[in-house]
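K.L.:
Okay, so here is structure.cif, and as you'll see once you scroll down, it has mmCIF, N, CA and C atoms.
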data_my_file
#
loop_
_atom_site.label_atom_id
_atom_site.label_comp_id
_atom_site.auth_asym_id
_atom_site.auth_seq_id
_atom_site.Cartn_x
_atom_site.Cartn_y
_atom_site.Cartn_z
N MET A 348 27.02 -56.04 2.47
CA MET A 348 27.99 -55.37 3.29
C MET A 348 28.65 -54.28 2.44
N TYR A 349 28.79 -53.12 3.02
CA TYR A 349 29.36 -51.99 2.31
C TYR A 349 30.79 -51.77 2.78
N LEU A 350 31.73 -51.78 1.85
CA LEU A 350 33.12 -51.52 2.15
C LEU A 350 33.46 -50.10 1.73
N ASN A 351 34.03 -49.35 2.62
CA ASN A 351 34.42 -47.98 2.31
C ASN A 351 35.89 -47.97 1.92
N LEU A 352 36.18 -48.52 0.74
CA LEU A 352 37.55 -48.63 0.26
C LEU A 352 37.72 -47.80 -1.00
N THR A 353 38.94 -47.33 -1.20
CA THR A 353 39.24 -46.60 -2.42
C THR A 353 39.33 -47.60 -3.58
N PRO A 354 39.25 -47.12 -4.81
CA PRO A 354 39.37 -48.05 -5.95
C PRO A 354 40.69 -48.82 -5.96
N LYS A 355 41.78 -48.18 -5.57
CA LYS A 355 43.07 -48.87 -5.53
C LYS A 355 43.06 -49.98 -4.49
N GLN A 356 42.42 -49.74 -3.35
CA GLN A 356 42.31 -50.77 -2.32
C GLN A 356 41.41 -51.91 -2.79
N MET A 357 40.36 -51.59 -3.53
CA MET A 357 39.48 -52.64 -4.06
C MET A 357 40.22 -53.52 -5.07
N VAL A 358 41.08 -52.92 -5.88
CA VAL A 358 41.88 -53.70 -6.82
C VAL A 358 42.77 -54.66 -6.05
N ARG A 359 43.45 -54.14 -5.03
CA ARG A 359 44.34 -55.00 -4.24
C ARG A 359 43.58 -56.11 -3.53
N LEU A 360 42.42 -55.78 -2.96
CA LEU A 360 41.62 -56.79 -2.26
C LEU A 360 41.18 -57.90 -3.22
N ASN A 361 40.68 -57.51 -4.37
CA ASN A 361 40.22 -58.50 -5.35
C ASN A 361 41.38 -59.33 -5.90
N LEU A 362 42.53 -58.72 -6.10
CA LEU A 362 43.69 -59.49 -6.56
C LEU A 362 44.15 -60.47 -5.48
N ALA A 363 44.13 -60.04 -4.22
CA ALA A 363 44.51 -60.94 -3.13
C ALA A 363 43.55 -62.12 -3.04
N LEU A 364 42.25 -61.85 -3.19
CA LEU A 364 41.27 -62.93 -3.17
C LEU A 364 41.44 -63.86 -4.37
N ALA A 365 41.80 -63.30 -5.53
CA ALA A 365 42.03 -64.14 -6.71
C ALA A 365 43.22 -65.06 -6.48
N VAL A 366 44.29 -64.54 -5.88
CA VAL A 366 45.46 -65.37 -5.59
C VAL A 366 45.10 -66.45 -4.57
N LEU A 367 44.32 -66.07 -3.55
CA LEU A 367 43.91 -67.04 -2.54
C LEU A 367 43.11 -68.19 -3.16
N PHE A 368 42.12 -67.86 -3.98
CA PHE A 368 41.31 -68.90 -4.59
C PHE A 368 42.06 -69.70 -5.64
N CYS A 369 43.02 -69.08 -6.29
CA CYS A 369 43.86 -69.83 -7.21
C CYS A 369 44.69 -70.85 -6.43
N GLY A 370 45.19 -70.42 -5.28
CA GLY A 370 45.92 -71.34 -4.40
C GLY A 370 45.03 -72.48 -3.91
N ILE A 371 43.79 -72.16 -3.57
CA ILE A 371 42.84 -73.20 -3.16
C ILE A 371 42.60 -74.18 -4.31
N GLY A 372 42.50 -73.66 -5.52
CA GLY A 372 42.30 -74.52 -6.68
C GLY A 372 43.48 -75.45 -6.91
N VAL A 373 44.69 -74.92 -6.80
CA VAL A 373 45.89 -75.75 -6.97
C VAL A 373 45.96 -76.79 -5.86
N TYR A 374 45.69 -76.37 -4.62
CA TYR A 374 45.73 -77.31 -3.50
C TYR A 374 44.68 -78.41 -3.68
N SER A 375 43.51 -78.05 -4.20
CA SER A 375 42.45 -79.05 -4.43
C SER A 375 42.85 -80.06 -5.50
N LEU A 376 43.65 -79.63 -6.46
CA LEU A 376 44.12 -80.56 -7.48
C LEU A 376 45.01 -81.66 -6.88
N GLN A 377 45.77 -81.28 -5.87
CA GLN A 377 46.74 -82.22 -5.31
C GLN A 377 46.25 -82.95 -4.07
N SER A 378 45.11 -82.51 -3.54
CA SER A 378 44.62 -83.11 -2.29
C SER A 378 43.13 -83.37 -2.41
N ASP A 379 42.70 -84.44 -1.82
CA ASP A 379 41.27 -84.75 -1.81
C ASP A 379 40.61 -84.33 -0.51
N SER A 380 41.31 -83.60 0.32
CA SER A 380 40.77 -83.27 1.64
C SER A 380 39.81 -82.08 1.63
N LEU A 381 39.83 -81.27 0.58
CA LEU A 381 38.92 -80.13 0.52
C LEU A 381 37.57 -80.56 -0.04
N PRO A 382 36.47 -80.02 0.52
CA PRO A 382 35.15 -80.42 0.05
C PRO A 382 34.74 -79.76 -1.28
N ILE A 383 35.53 -78.79 -1.77
CA ILE A 383 35.20 -78.15 -3.05
C ILE A 383 36.13 -78.67 -4.13
N SER A 384 35.69 -78.58 -5.35
CA SER A 384 36.53 -79.04 -6.45
C SER A 384 37.52 -77.95 -6.82
N SER A 385 38.58 -78.32 -7.47
CA SER A 385 39.59 -77.34 -7.91
C SER A 385 38.98 -76.37 -8.91
N PHE A 386 38.04 -76.88 -9.68
CA PHE A 386 37.35 -76.05 -10.68
C PHE A 386 36.69 -74.85 -10.00
N THR A 387 36.06 -75.05 -8.85
CA THR A 387 35.38 -73.98 -8.12
C THR A 387 36.38 -72.91 -7.69
N GLY A 388 37.52 -73.30 -7.19
CA GLY A 388 38.54 -72.33 -6.78
C GLY A 388 39.00 -71.48 -7.94
N PHE A 389 39.23 -72.10 -9.10
CA PHE A 389 39.68 -71.35 -10.26
C PHE A 389 38.59 -70.41 -10.80
N ILE A 390 37.34 -70.84 -10.73
CA ILE A 390 36.23 -69.98 -11.18
C ILE A 390 36.14 -68.74 -10.29
N PHE A 391 36.25 -68.92 -8.98
CA PHE A 391 36.23 -67.76 -8.08
C PHE A 391 37.42 -66.85 -8.36
N ALA A 392 38.58 -67.41 -8.63
CA ALA A 392 39.76 -66.61 -8.93
C ALA A 392 39.54 -65.75 -10.18
N ILE A 393 38.95 -66.34 -11.20
CA ILE A 393 38.66 -65.59 -12.43
C ILE A 393 37.66 -64.48 -12.14
N GLY A 394 36.65 -64.77 -11.33
CA GLY A 394 35.65 -63.76 -10.97
C GLY A 394 36.28 -62.58 -10.23
N PHE A 395 37.18 -62.87 -9.30
CA PHE A 395 37.83 -61.79 -8.57
C PHE A 395 38.79 -61.00 -9.46
N LEU A 396 39.41 -61.64 -10.43
CA LEU A 396 40.25 -60.92 -11.39
C LEU A 396 39.41 -59.95 -12.23
N ALA A 397 38.25 -60.41 -12.67
CA ALA A 397 37.36 -59.53 -13.45
C ALA A 397 36.89 -58.36 -12.60
N GLN A 398 36.57 -58.62 -11.35
CA GLN A 398 36.13 -57.55 -10.46
C GLN A 398 37.26 -56.56 -10.19
N ALA A 399 38.48 -57.04 -10.08
CA ALA A 399 39.63 -56.15 -9.88
C ALA A 399 39.79 -55.22 -11.08
N TYR A 400 39.60 -55.76 -12.29
CA TYR A 400 39.72 -54.92 -13.49
C TYR A 400 38.68 -53.81 -13.50
N ARG A 401 37.49 -54.09 -12.99
CA ARG A 401 36.43 -53.06 -12.99
C ARG A 401 36.77 -51.87 -12.10
N TYR A 402 37.69 -52.00 -11.20
CA TYR A 402 38.08 -50.90 -10.32
C TYR A 402 39.36 -50.21 -10.76
N THR A 403 39.98 -50.64 -11.86
CA THR A 403 41.20 -49.99 -12.32
C THR A 403 40.89 -48.62 -12.90
N GLU A 404 41.89 -47.75 -12.88
CA GLU A 404 41.71 -46.41 -13.41
C GLU A 404 41.37 -46.44 -14.90
N LYS A 405 41.95 -47.38 -15.62
CA LYS A 405 41.70 -47.50 -17.06
C LYS A 405 40.22 -47.79 -17.33
N PHE A 406 39.65 -48.74 -16.59
CA PHE A 406 38.24 -49.09 -16.80
C PHE A 406 37.32 -47.95 -16.36
N VAL A 407 37.64 -47.31 -15.25
CA VAL A 407 36.82 -46.19 -14.76
C VAL A 407 36.84 -45.04 -15.77
N ALA A 408 38.02 -44.77 -16.34
CA ALA A 408 38.10 -43.70 -17.35
C ALA A 408 37.33 -44.07 -18.61
N LYS A 409 37.37 -45.35 -18.98
CA LYS A 409 36.68 -45.80 -20.19
C LYS A 409 35.16 -45.73 -20.03
N THR A 410 34.66 -45.93 -18.81
CA THR A 410 33.22 -45.95 -18.58
C THR A 410 32.69 -44.67 -17.96
N ALA A 411 33.47 -43.60 -17.97
CA ALA A 411 33.01 -42.33 -17.43
C ALA A 411 31.80 -41.84 -18.23
N LEU A 412 30.87 -41.21 -17.54
CA LEU A 412 29.64 -40.74 -18.20
C LEU A 412 29.93 -39.73 -19.31
N SER A 413 31.00 -38.96 -19.17
CA SER A 413 31.33 -37.98 -20.21
C SER A 413 31.72 -38.67 -21.52
N LYS A 414 32.22 -39.90 -21.44
CA LYS A 414 32.56 -40.65 -22.66
C LYS A 414 31.42 -41.58 -23.08
N THR A 415 30.60 -41.97 -22.13
CA THR A 415 29.52 -42.92 -22.42
C THR A 415 28.34 -42.24 -23.09
N LEU A 416 27.96 -41.07 -22.59
CA LEU A 416 26.80 -40.34 -23.13
C LEU A 416 27.27 -39.06 -23.80
N THR A 417 27.05 -38.97 -25.11
CA THR A 417 27.38 -37.75 -25.85
C THR A 417 26.20 -37.41 -26.76
N ALA A 418 26.12 -36.15 -27.11
CA ALA A 418 25.01 -35.71 -27.98
C ALA A 418 25.49 -34.66 -28.96
N THR A 419 24.82 -34.65 -30.11
CA THR A 419 25.00 -33.58 -31.09
C THR A 419 23.66 -32.87 -31.19
N ASP A 420 23.53 -32.00 -32.16
CA ASP A 420 22.26 -31.27 -32.34
C ASP A 420 21.13 -32.20 -32.75
N THR A 421 21.46 -33.33 -33.38
CA THR A 421 20.41 -34.21 -33.91
C THR A 421 20.40 -35.61 -33.32
N SER A 422 21.42 -35.98 -32.55
CA SER A 422 21.47 -37.37 -32.09
C SER A 422 22.07 -37.49 -30.70
N LEU A 423 21.71 -38.60 -30.06
CA LEU A 423 22.27 -39.01 -28.77
C LEU A 423 23.07 -40.29 -29.02
N THR A 424 24.31 -40.30 -28.58
CA THR A 424 25.16 -41.47 -28.75
C THR A 424 25.43 -42.09 -27.39
N VAL A 425 25.14 -43.38 -27.27
CA VAL A 425 25.36 -44.12 -26.04
C VAL A 425 26.38 -45.22 -26.34
N LYS A 426 27.45 -45.23 -25.56
CA LYS A 426 28.52 -46.20 -25.75
C LYS A 426 28.58 -47.08 -24.51
N GLN A 427 28.33 -48.38 -24.70
CA GLN A 427 28.41 -49.34 -23.60
C GLN A 427 29.73 -50.07 -23.70
N VAL A 428 30.43 -50.18 -22.58
CA VAL A 428 31.71 -50.87 -22.61
C VAL A 428 31.80 -52.01 -21.60
N ASN A 429 30.74 -52.27 -20.87
CA ASN A 429 30.79 -53.33 -19.86
C ASN A 429 30.98 -54.70 -20.48
N TYR A 430 30.31 -55.01 -21.56
CA TYR A 430 30.36 -56.33 -22.18
C TYR A 430 30.77 -56.19 -23.64
N GLY A 431 31.93 -55.68 -23.87
CA GLY A 431 32.34 -55.37 -25.22
C GLY A 431 31.96 -53.93 -25.50
N GLU A 432 32.40 -53.43 -26.61
CA GLU A 432 32.12 -52.03 -26.92
C GLU A 432 31.00 -51.95 -27.94
N GLN A 433 29.85 -51.42 -27.51
CA GLN A 433 28.70 -51.26 -28.38
C GLN A 433 28.32 -49.79 -28.40
N VAL A 434 28.07 -49.26 -29.59
CA VAL A 434 27.71 -47.86 -29.75
C VAL A 434 26.37 -47.79 -30.47
N GLU A 435 25.44 -47.04 -29.89
CA GLU A 435 24.14 -46.80 -30.52
C GLU A 435 23.96 -45.30 -30.69
N THR A 436 23.54 -44.88 -31.86
CA THR A 436 23.24 -43.48 -32.12
C THR A 436 21.74 -43.36 -32.37
N LEU A 437 21.08 -42.53 -31.56
CA LEU A 437 19.62 -42.37 -31.62
C LEU A 437 19.28 -40.95 -32.03
N GLU A 438 18.31 -40.82 -32.93
CA GLU A 438 17.87 -39.50 -33.36
C GLU A 438 17.08 -38.84 -32.23
N LEU A 439 17.40 -37.60 -31.92
CA LEU A 439 16.71 -36.89 -30.84
C LEU A 439 15.23 -36.70 -31.15
N SER A 440 14.88 -36.55 -32.42
CA SER A 440 13.48 -36.31 -32.79
C SER A 440 12.60 -37.54 -32.53
N ARG A 441 13.20 -38.72 -32.43
CA ARG A 441 12.43 -39.95 -32.20
C ARG A 441 12.27 -40.28 -30.71
N ILE A 442 13.05 -39.65 -29.85
CA ILE A 442 13.02 -39.97 -28.41
C ILE A 442 11.76 -39.40 -27.78
N THR A 443 10.99 -40.27 -27.12
CA THR A 443 9.76 -39.82 -26.45
C THR A 443 9.80 -40.01 -24.94
N GLN A 444 10.60 -40.93 -24.45
CA GLN A 444 10.73 -41.15 -23.00
C GLN A 444 12.16 -41.52 -22.65
N LEU A 445 12.58 -41.06 -21.47
CA LEU A 445 13.87 -41.44 -20.92
C LEU A 445 13.65 -41.91 -19.50
N LYS A 446 14.11 -43.12 -19.20
CA LYS A 446 13.99 -43.66 -17.85
C LYS A 446 15.38 -44.02 -17.35
N VAL A 447 15.65 -43.64 -16.10
CA VAL A 447 16.98 -43.80 -15.54
C VAL A 447 16.89 -44.51 -14.19
N ALA A 448 17.83 -45.40 -13.94
CA ALA A 448 18.02 -46.04 -12.63
C ALA A 448 19.53 -46.21 -12.45
N ASP A 449 19.95 -46.70 -11.31
CA ASP A 449 21.37 -46.94 -11.10
C ASP A 449 21.88 -47.92 -12.15
N ASN A 450 22.92 -47.52 -12.87
CA ASN A 450 23.56 -48.35 -13.90
C ASN A 450 22.62 -48.72 -15.05
N TYR A 451 21.64 -47.87 -15.35
CA TYR A 451 20.62 -48.23 -16.35
C TYR A 451 20.05 -46.98 -17.01
N LEU A 452 19.84 -47.06 -18.32
CA LEU A 452 19.16 -46.02 -19.08
C LEU A 452 18.26 -46.68 -20.11
N ALA A 453 16.99 -46.29 -20.12
CA ALA A 453 16.04 -46.78 -21.13
C ALA A 453 15.61 -45.59 -21.98
N VAL A 454 15.66 -45.77 -23.29
CA VAL A 454 15.25 -44.74 -24.23
C VAL A 454 14.12 -45.31 -25.07
N ILE A 455 12.93 -44.72 -24.96
CA ILE A 455 11.76 -45.16 -25.72
C ILE A 455 11.65 -44.27 -26.95
N LEU A 456 11.50 -44.91 -28.10
CA LEU A 456 11.41 -44.19 -29.37
C LEU A 456 9.99 -44.21 -29.91
N ASP A 457 9.60 -43.15 -30.56
CA ASP A 457 8.34 -43.03 -31.30
C ASP A 457 7.10 -43.32 -30.46
N ASP A 458 7.18 -43.21 -29.16
CA ASP A 458 6.05 -43.38 -28.24
C ASP A 458 5.31 -44.70 -28.44
N ASN A 459 6.05 -45.76 -28.80
CA ASN A 459 5.42 -47.05 -29.04
C ASN A 459 5.81 -48.10 -28.01
N GLY A 460 6.52 -47.69 -26.97
CA GLY A 460 6.91 -48.63 -25.92
C GLY A 460 8.15 -49.43 -26.25
N GLN A 461 8.69 -49.25 -27.45
CA GLN A 461 9.89 -49.96 -27.84
C GLN A 461 11.05 -48.99 -27.90
N GLY A 462 12.23 -49.49 -27.64
CA GLY A 462 13.40 -48.64 -27.67
C GLY A 462 14.64 -49.41 -27.29
N PHE A 463 15.48 -48.79 -26.50
CA PHE A 463 16.76 -49.39 -26.14
C PHE A 463 16.95 -49.35 -24.63
N ASP A 464 17.56 -50.41 -24.11
CA ASP A 464 17.96 -50.49 -22.71
C ASP A 464 19.48 -50.53 -22.68
N PHE A 465 20.07 -49.65 -21.90
CA PHE A 465 21.53 -49.57 -21.83
C PHE A 465 21.99 -49.80 -20.40
N GLN A 466 23.08 -50.52 -20.25
CA GLN A 466 23.73 -50.66 -18.96
C GLN A 466 24.89 -49.69 -18.95
N ILE A 467 24.74 -48.66 -18.13
CA ILE A 467 25.73 -47.59 -18.05
C ILE A 467 26.21 -47.51 -16.62
N LYS A 468 27.49 -47.45 -16.42
CA LYS A 468 28.03 -47.40 -15.07
C LYS A 468 27.81 -46.00 -14.49
N GLY A 469 27.04 -45.93 -13.42
CA GLY A 469 26.80 -44.65 -12.75
C GLY A 469 25.51 -44.67 -11.95
N LYS A 470 25.44 -43.81 -10.97
CA LYS A 470 24.23 -43.66 -10.17
C LYS A 470 23.16 -42.95 -11.01
N ALA A 471 21.90 -43.18 -10.63
CA ALA A 471 20.79 -42.60 -11.37
C ALA A 471 20.88 -41.08 -11.42
N GLN A 472 21.25 -40.46 -10.29
CA GLN A 472 21.35 -39.00 -10.23
C GLN A 472 22.43 -38.49 -11.18
N ALA A 473 23.57 -39.17 -11.25
CA ALA A 473 24.66 -38.75 -12.13
C ALA A 473 24.26 -38.89 -13.60
N ILE A 474 23.57 -39.97 -13.94
CA ILE A 474 23.11 -40.16 -15.31
C ILE A 474 22.10 -39.07 -15.69
N THR A 475 21.19 -38.77 -14.78
CA THR A 475 20.20 -37.71 -15.02
C THR A 475 20.88 -36.37 -15.23
N GLU A 476 21.85 -36.05 -14.40
CA GLU A 476 22.57 -34.78 -14.55
C GLU A 476 23.29 -34.71 -15.89
N ARG A 477 23.91 -35.81 -16.30
CA ARG A 477 24.61 -35.83 -17.58
C ARG A 477 23.64 -35.62 -18.75
N LEU A 478 22.48 -36.28 -18.69
CA LEU A 478 21.48 -36.09 -19.75
C LEU A 478 20.97 -34.66 -19.78
N ASN A 479 20.78 -34.06 -18.61
CA ASN A 479 20.33 -32.67 -18.55
C ASN A 479 21.37 -31.72 -19.14
N GLU A 480 22.66 -32.08 -19.01
CA GLU A 480 23.74 -31.26 -19.58
C GLU A 480 23.77 -31.32 -21.10
N ILE A 481 23.60 -32.51 -21.65
CA ILE A 481 23.88 -32.68 -23.08
C ILE A 481 22.65 -32.61 -23.99
N LEU A 482 21.47 -32.86 -23.44
CA LEU A 482 20.27 -32.85 -24.30
C LEU A 482 19.66 -31.47 -24.38
N PRO A 483 19.07 -31.12 -25.52
CA PRO A 483 18.43 -29.82 -25.66
C PRO A 483 17.25 -29.67 -24.69
N LYS A 484 17.07 -28.47 -24.19
CA LYS A 484 15.99 -28.21 -23.22
C LYS A 484 14.62 -28.48 -23.83
N GLU A 485 14.48 -28.27 -25.13
CA GLU A 485 13.22 -28.53 -25.82
C GLU A 485 12.84 -30.01 -25.75
N LEU A 486 13.81 -30.88 -25.93
CA LEU A 486 13.55 -32.32 -25.83
C LEU A 486 13.18 -32.71 -24.41
N LEU A 487 13.88 -32.14 -23.43
CA LEU A 487 13.60 -32.48 -22.04
C LEU A 487 12.23 -31.97 -21.59
N LYS A 488 11.77 -30.89 -22.19
CA LYS A 488 10.44 -30.38 -21.86
C LYS A 488 9.36 -31.34 -22.37
N ASN A 489 9.55 -31.88 -23.58
CA ASN A 489 8.58 -32.80 -24.17
C ASN A 489 8.73 -34.23 -23.64
N SER A 490 9.94 -34.61 -23.28
CA SER A 490 10.23 -35.97 -22.81
C SER A 490 11.03 -35.90 -21.50
N PRO A 491 10.36 -35.67 -20.39
CA PRO A 491 11.09 -35.55 -19.13
C PRO A 491 11.76 -36.87 -18.74
N ILE A 492 12.82 -36.76 -17.97
CA ILE A 492 13.56 -37.92 -17.51
C ILE A 492 12.89 -38.45 -16.25
N LYS A 493 12.56 -39.75 -16.28
CA LYS A 493 11.93 -40.38 -15.12
C LYS A 493 12.93 -41.31 -14.46
N GLN A 494 13.02 -41.21 -13.14
CA GLN A 494 13.87 -42.15 -12.40
C GLN A 494 13.01 -43.30 -11.91
N VAL A 495 13.42 -44.52 -12.21
CA VAL A 495 12.67 -45.71 -11.79
C VAL A 495 13.45 -46.51 -10.77
#
Translate this structure into structure tokens?
P.N.:
Amino acid sequence: MYLNLTPKQMVRLNLALAVLFCGIGVYSLQSDSLPISSFTGFIFAIGFLAQAYRYTEKFVAKTALSKTLTATDTSLTVKQVNYGEQVETLELSRITQLKVADNYLAVILDDNGQGFDFQIKGKAQAITERLNEILPKELLKNSPIKQV
């Protein structure tokens, strides 16, 4: 189901659901009439809290493609922030393939089928546009970006 809500509305919705499930968890602790355990209610509440954080302005700014994908004359830097902050710097001369999908970037090095898989927040088209902006045209001519 697709909800056409703004990020602020998504934060409020997820927080309301977290409070609801927290209440269900507390009620389950005190009553045996619910068929679910209190543990289940609290787990759902934690999940909705995490989802609410993903829609905050702070998280969106932190995961913007302009901050996630950067390049210099000799290297491409990819910063993942979804599961902790991880930074990988890859030499442009070693990149032989780039594959892009929604929320995903694969960089193959040295034409050997091995490389790096990154989870990047963004649509495939937006990631492709960002790579076209920051990577040298010479690299893109030799290693075109493929959408999978």
K.L.:
Using DSSP on the backbone coordinates, identify all residues within segment 381-454 of chain A classified as strand (DSSP E); present the result as a list of chain:residue names.
P.N.:
A:Leu416, A:Thr417, A:Ala418, A:Ser422, A:Leu423, A:Thr424, A:Val425, A:Lys426, A:Gln427, A:Gln433, A:Val434, A:Glu435, A:Thr436, A:Leu437, A:Glu438, A:Ile442, A:Thr443, A:Gln444, A:Leu445, A:Lys446, A:Val447, A:Ala448, A:Tyr451, A:Leu452, A:Ala453, A:Val454
K.L.:
Go through A:Pro382, A:Lys355, A:Lys414, A:Leu362 one by one, measure the shortest atom-to-atom distance of each to Ala399 of chain A using only N, CA and C atoms, and give the residue with the smallest value.
P.N.:
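Of all the options, A:Leu362 lies closest to Ala399 of chain A.
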K.L.:
Work out how far atom C of Asp458 of chain A is from atom C of Gln472 of chain A, in Å to one decimal.
P.N.:
25.1 Å
K.L.:
Starting from the shown file, work through the PyMOL selection byres (((chain A and resi 447 and name CA) around 8) and name CA) and note down what comes out as a list in words.
P.N.:
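Checked against the file, the PyMOL selection byres (((chain A and resi 447 and name CA) around 8) and name CA) matches Leu445, Lys446, Ala448, Asp449, Tyr451, Leu452, Ala453, Ala471, Ile474, Thr475, Ile492, Lys493, Gln494 and Val495 of chain A.
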K.L.:
Output the residue selection produced by the PyMOL selection byres ((chain A and resi 479-486) around 8) on the file above, formatted as a PyMOL selection string.
P.N.:
chain A and resi 416-420+423+439-440+442+473-478+487-492
K.L.:
Within 8 Å of Thr436 of chain A, counting only N, CA and C atoms, which residues qualify if same-chain residues fewer than 3 places away don't, as a VMD selection string?
P.N.:
chain A and resid 421 to 426 433 439
